[in-house]
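Below is one structure, written out as structure tokens, with a few remarks after it.
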Amino acid sequence: MKSKSINIPYILWIGIFIVVPLILVLLFAFTDSSGNFTIENIINVGNYASVFVRSIWLGLIATVICVILGYPMAYALSKIAPNMQEFMIVLLMLPMWMNFLLRTYAWMTILENNGLLNRLLMFIGIGQVNLINTSGAVVLGMVYNFLPYMILPIYTIISRIDNRIIEAAQDLGASRRKVFSKIILPLSIPGVISGITMVFVPAVSTFIISKMLGGGANILIGDLIEMQFLGSSYNPNLGSAISLVLMILIMICMGIMNQFDHEDNSMGGMII
Amino acid sequence: MADNKIIVLKDISVSFDSEVILNNLNLYIKDGEFVTFLGPSGCGKTTTLRIIGGFVTPDKGDVLFNTKKINNLPPHKREVNTIFQKYALFPHLNVYENVAFGMRVQKKGENEIRNTVHEMLKMVNLSGYENRNVNSLSGGQQQRIAIARALANRPKVLLLDEPLGALDLKLRKDMQVELKNIQQKTGITFIFVTHDQEEALSMSDTVVVMDKGEIQQVGTPLDIYNEPKNAFVADFIGESNILDGIMHENYLVEFAGKKFDCLDCGFGKMEPVDVVIRPEDIEVVEPEKGHICGLVTSVTFKGVHYEIIVDVNGFKWMIQSTEVQNPGDKIGMILQPDDIHIMKKSKYSGAFGDYSAFSDEMYEEQHNKPITEEE
């Protein structure tokens, strides 16, 4: 009885801010500007297939780079002295206290044709390199902004591994390398999975990063959706349809990921 | 017999953050023995075990394994295996792969692994559990897997760090018997750590009693119980009444205001000593027939016997007897020469053996509980 009344505000919250907007997206996606039912919007999404492919591809690259950079960092972090760990975590979080836009602007000034990096390159005699407005710059922006979301879940799960399990593995004859490959790595997979989710989803749907660092040539889905609502090509119905398709695509991706996770848990013994 | 020492600890000292954990410890363990390190928490028993396992490096002293110094040998290169407190099974591996782990890292052949895993699981009565998830097993079953996993490596020495601590009493008793059987069957040296004196006495060939980072006594369970070296050992192993006494001459001791014949000799003339009398050795008689008489202050039913606290001139004795007494009654006690055990004075003298505090607890307990167990 009591627990039910406690739930009410949350249910209201979910209803007003999650369920109703989702229904609106659905409604807009399947109607035209005068409110009649149509599937034309969904069909039109197909015209932007290349944008979808680019978004997912760049998001994927950024995610892979985040895993490659983030995992060793998270592992190293979990192995240093506990009081140092706290300090390092604060350092890691520090940029996140700053506005997202500001951070991306900062990268803009660094990567610009006469920005910091190019001036340095010219100074040491390499000459100007076109850095800004490339897909590489977009990936860099994604990695920079989302890396902490990869490190934190992996760090959390590694630091929670019971030290006795590691000692048991050593005791049974496992060297440091074997302890890592047979115990720590498989046990940290769930952290990697949630890190991937937390990096991949925002990376695929980002629009600020691509707009500022990618220029006009690197439009992503996020930019496309933004344009339908705020930009010159005002069309909220198409925008909703694109959002819907993106949501479904991400859901499928996550479904595939979770499948991996489950397999790892039950089939863990088979990884040799 | 004397030269089959598999492990020798020489002058071992360890401190963590300037706190002394082990102080100049010397010990050897014979091949094929069931040795128990017994002591209260913080006595250094687990640290000693971890030194043998390779998880703690001593600040001072040497660890010898088959006469080879292994001070700096990492755990994975030692021919010992450990059963950890709470088992520490690998949660991402099933039963089969848990047991196979040690052989896998040593790159043993698939056939050998399969045969050994089946053999080990059979030994711990868990055949058919190969594909089970270890998280779905009960505490007792996890315990058995931990044993199978450690023994699958065919260690020379098995270290057991309070392995039965998490089990309930009944299961614990069963596992005690089972562990002892496994030890006898395999002939592997077992080094067992516990704070449970009953467990130590019933399982071991040799008991090492420790306190405050020092070994108090090493001996067979019978020696430890019947011939405790000091008041700490006497108090820690079972219940005991420990009194101040004076050794008048060989075989004659005075305590509680009376002189008694005893079986001990070799003390100085009029040397102050500690006298130990086990509560189950005291015979209760009519007041006028006893060597000593006193007032019953509390009686507690313990199942097999009654625990009777008797006040003799302010010193509270404990008696364990199958006959009930009534609080407030005067009773007599008879002490035979072989009931009396004499110990040299030590730093533990005077710290144990009087049940005054104990009987106060009893008193409170009885008055807080609505149901008293008095008849």
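Going through the structure tokens in order, the chains are called A, B, and so on, while each chain numbers its residues from 1 and the ligands are numbered from 1 in the order shown.
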
Those in range 96-164 of chain A with alpha helix (DSSP H) from DSSP, as number ranges by chain: A: 100-111, 116-123, 135-159, 163-164

Close residues, range 22-27 of chain A itself excluded, 10 Å, only C-alpha atoms, min 5 positions apart in chain, as a VMD selection string: chain A and resid 15 to 17 32 35 37 236 to 237 239 to 244

Taking only residues of chain B that have an atom at most 9 Å from an atom of chain A, what is each one's shortest atom pair and its distance in Å to one decimal, using only C-alpha atoms, in chain and number order, as JSON lines?
```
{"residue": "B:Gly53", "atom": "CA", "partner": "A:Asp171", "partner_atom": "CA", "distance": 7.4}
{"residue": "B:Gly54", "atom": "CA", "partner": "A:Asp171", "partner_atom": "CA", "distance": 8.4}
{"residue": "B:Phe55", "atom": "CA", "partner": "A:Glu167", "partner_atom": "CA", "distance": 7.8}
{"residue": "B:Pro74", "atom": "CA", "partner": "A:Gln170", "partner_atom": "CA", "distance": 8.4}
{"residue": "B:Pro75", "atom": "CA", "partner": "A:Asp171", "partner_atom": "CA", "distance": 5.3}
{"residue": "B:His76", "atom": "CA", "partner": "A:Gly173", "partner_atom": "CA", "distance": 3.8}
{"residue": "B:Lys77", "atom": "CA", "partner": "A:Gly173", "partner_atom": "CA", "distance": 6.2}
{"residue": "B:Arg78", "atom": "CA", "partner": "A:Asp171", "partner_atom": "CA", "distance": 7.8}
{"residue": "B:Glu79", "atom": "CA", "partner": "A:Gly173", "partner_atom": "CA", "distance": 8.9}
{"residue": "B:Val80", "atom": "CA", "partner": "A:Asp171", "partner_atom": "CA", "distance": 7.6}
{"residue": "B:Asn81", "atom": "CA", "partner": "A:Asp171", "partner_atom": "CA", "distance": 5.8}
{"residue": "B:Thr82", "atom": "CA", "partner": "A:Asp171", "partner_atom": "CA", "distance": 6.6}
{"residue": "B:Ile83", "atom": "CA", "partner": "A:Ala168", "partner_atom": "CA", "distance": 8.0}
{"residue": "B:Phe84", "atom": "CA", "partner": "A:Arg164", "partner_atom": "CA", "distance": 7.3}
{"residue": "B:Gln85", "atom": "CA", "partner": "A:Arg164", "partner_atom": "CA", "distance": 8.6}
{"residue": "B:Lys86", "atom": "CA", "partner": "A:Arg164", "partner_atom": "CA", "distance": 8.9}
{"residue": "B:Tyr87", "atom": "CA", "partner": "A:Arg164", "partner_atom": "CA", "distance": 8.5}
{"residue": "B:Ala88", "atom": "CA", "partner": "A:Ile165", "partner_atom": "CA", "distance": 4.9}
{"residue": "B:Leu89", "atom": "CA", "partner": "A:Ile165", "partner_atom": "CA", "distance": 6.6}
{"residue": "B:Phe90", "atom": "CA", "partner": "A:Ile165", "partner_atom": "CA", "distance": 6.4}
{"residue": "B:Pro91", "atom": "CA", "partner": "A:Leu187", "partner_atom": "CA", "distance": 8.1}
{"residue": "B:His92", "atom": "CA", "partner": "A:Gly268", "partner_atom": "CA", "distance": 5.8}
{"residue": "B:Leu93", "atom": "CA", "partner": "A:Gly269", "partner_atom": "CA", "distance": 5.0}
{"residue": "B:Asn94", "atom": "CA", "partner": "A:Gly269", "partner_atom": "CA", "distance": 6.4}
{"residue": "B:Tyr96", "atom": "CA", "partner": "A:Gly269", "partner_atom": "CA", "distance": 8.4}
{"residue": "B:Glu97", "atom": "CA", "partner": "A:Gly269", "partner_atom": "CA", "distance": 5.8}
{"residue": "B:Asn98", "atom": "CA", "partner": "A:Gly269", "partner_atom": "CA", "distance": 8.4}
{"residue": "B:Phe101", "atom": "CA", "partner": "A:Leu172", "partner_atom": "CA", "distance": 7.3}
{"residue": "B:Gly102", "atom": "CA", "partner": "A:Leu172", "partner_atom": "CA", "distance": 4.8}
{"residue": "B:Met103", "atom": "CA", "partner": "A:Leu172", "partner_atom": "CA", "distance": 8.3}
{"residue": "B:Arg104", "atom": "CA", "partner": "A:Ile272", "partner_atom": "CA", "distance": 8.5}
{"residue": "B:Val105", "atom": "CA", "partner": "A:Ala174", "partner_atom": "CA", "distance": 5.9}
{"residue": "B:Gln106", "atom": "CA", "partner": "A:Gly173", "partner_atom": "CA", "distance": 7.2}
{"residue": "B:Asn133", "atom": "CA", "partner": "A:Ser266", "partner_atom": "CA", "distance": 8.0}
{"residue": "B:Arg149", "atom": "CA", "partner": "A:Leu172", "partner_atom": "CA", "distance": 8.3}
{"residue": "B:Ala150", "atom": "CA", "partner": "A:Leu172", "partner_atom": "CA", "distance": 7.0}
{"residue": "B:Asn153", "atom": "CA", "partner": "A:Leu172", "partner_atom": "CA", "distance": 7.1}
```
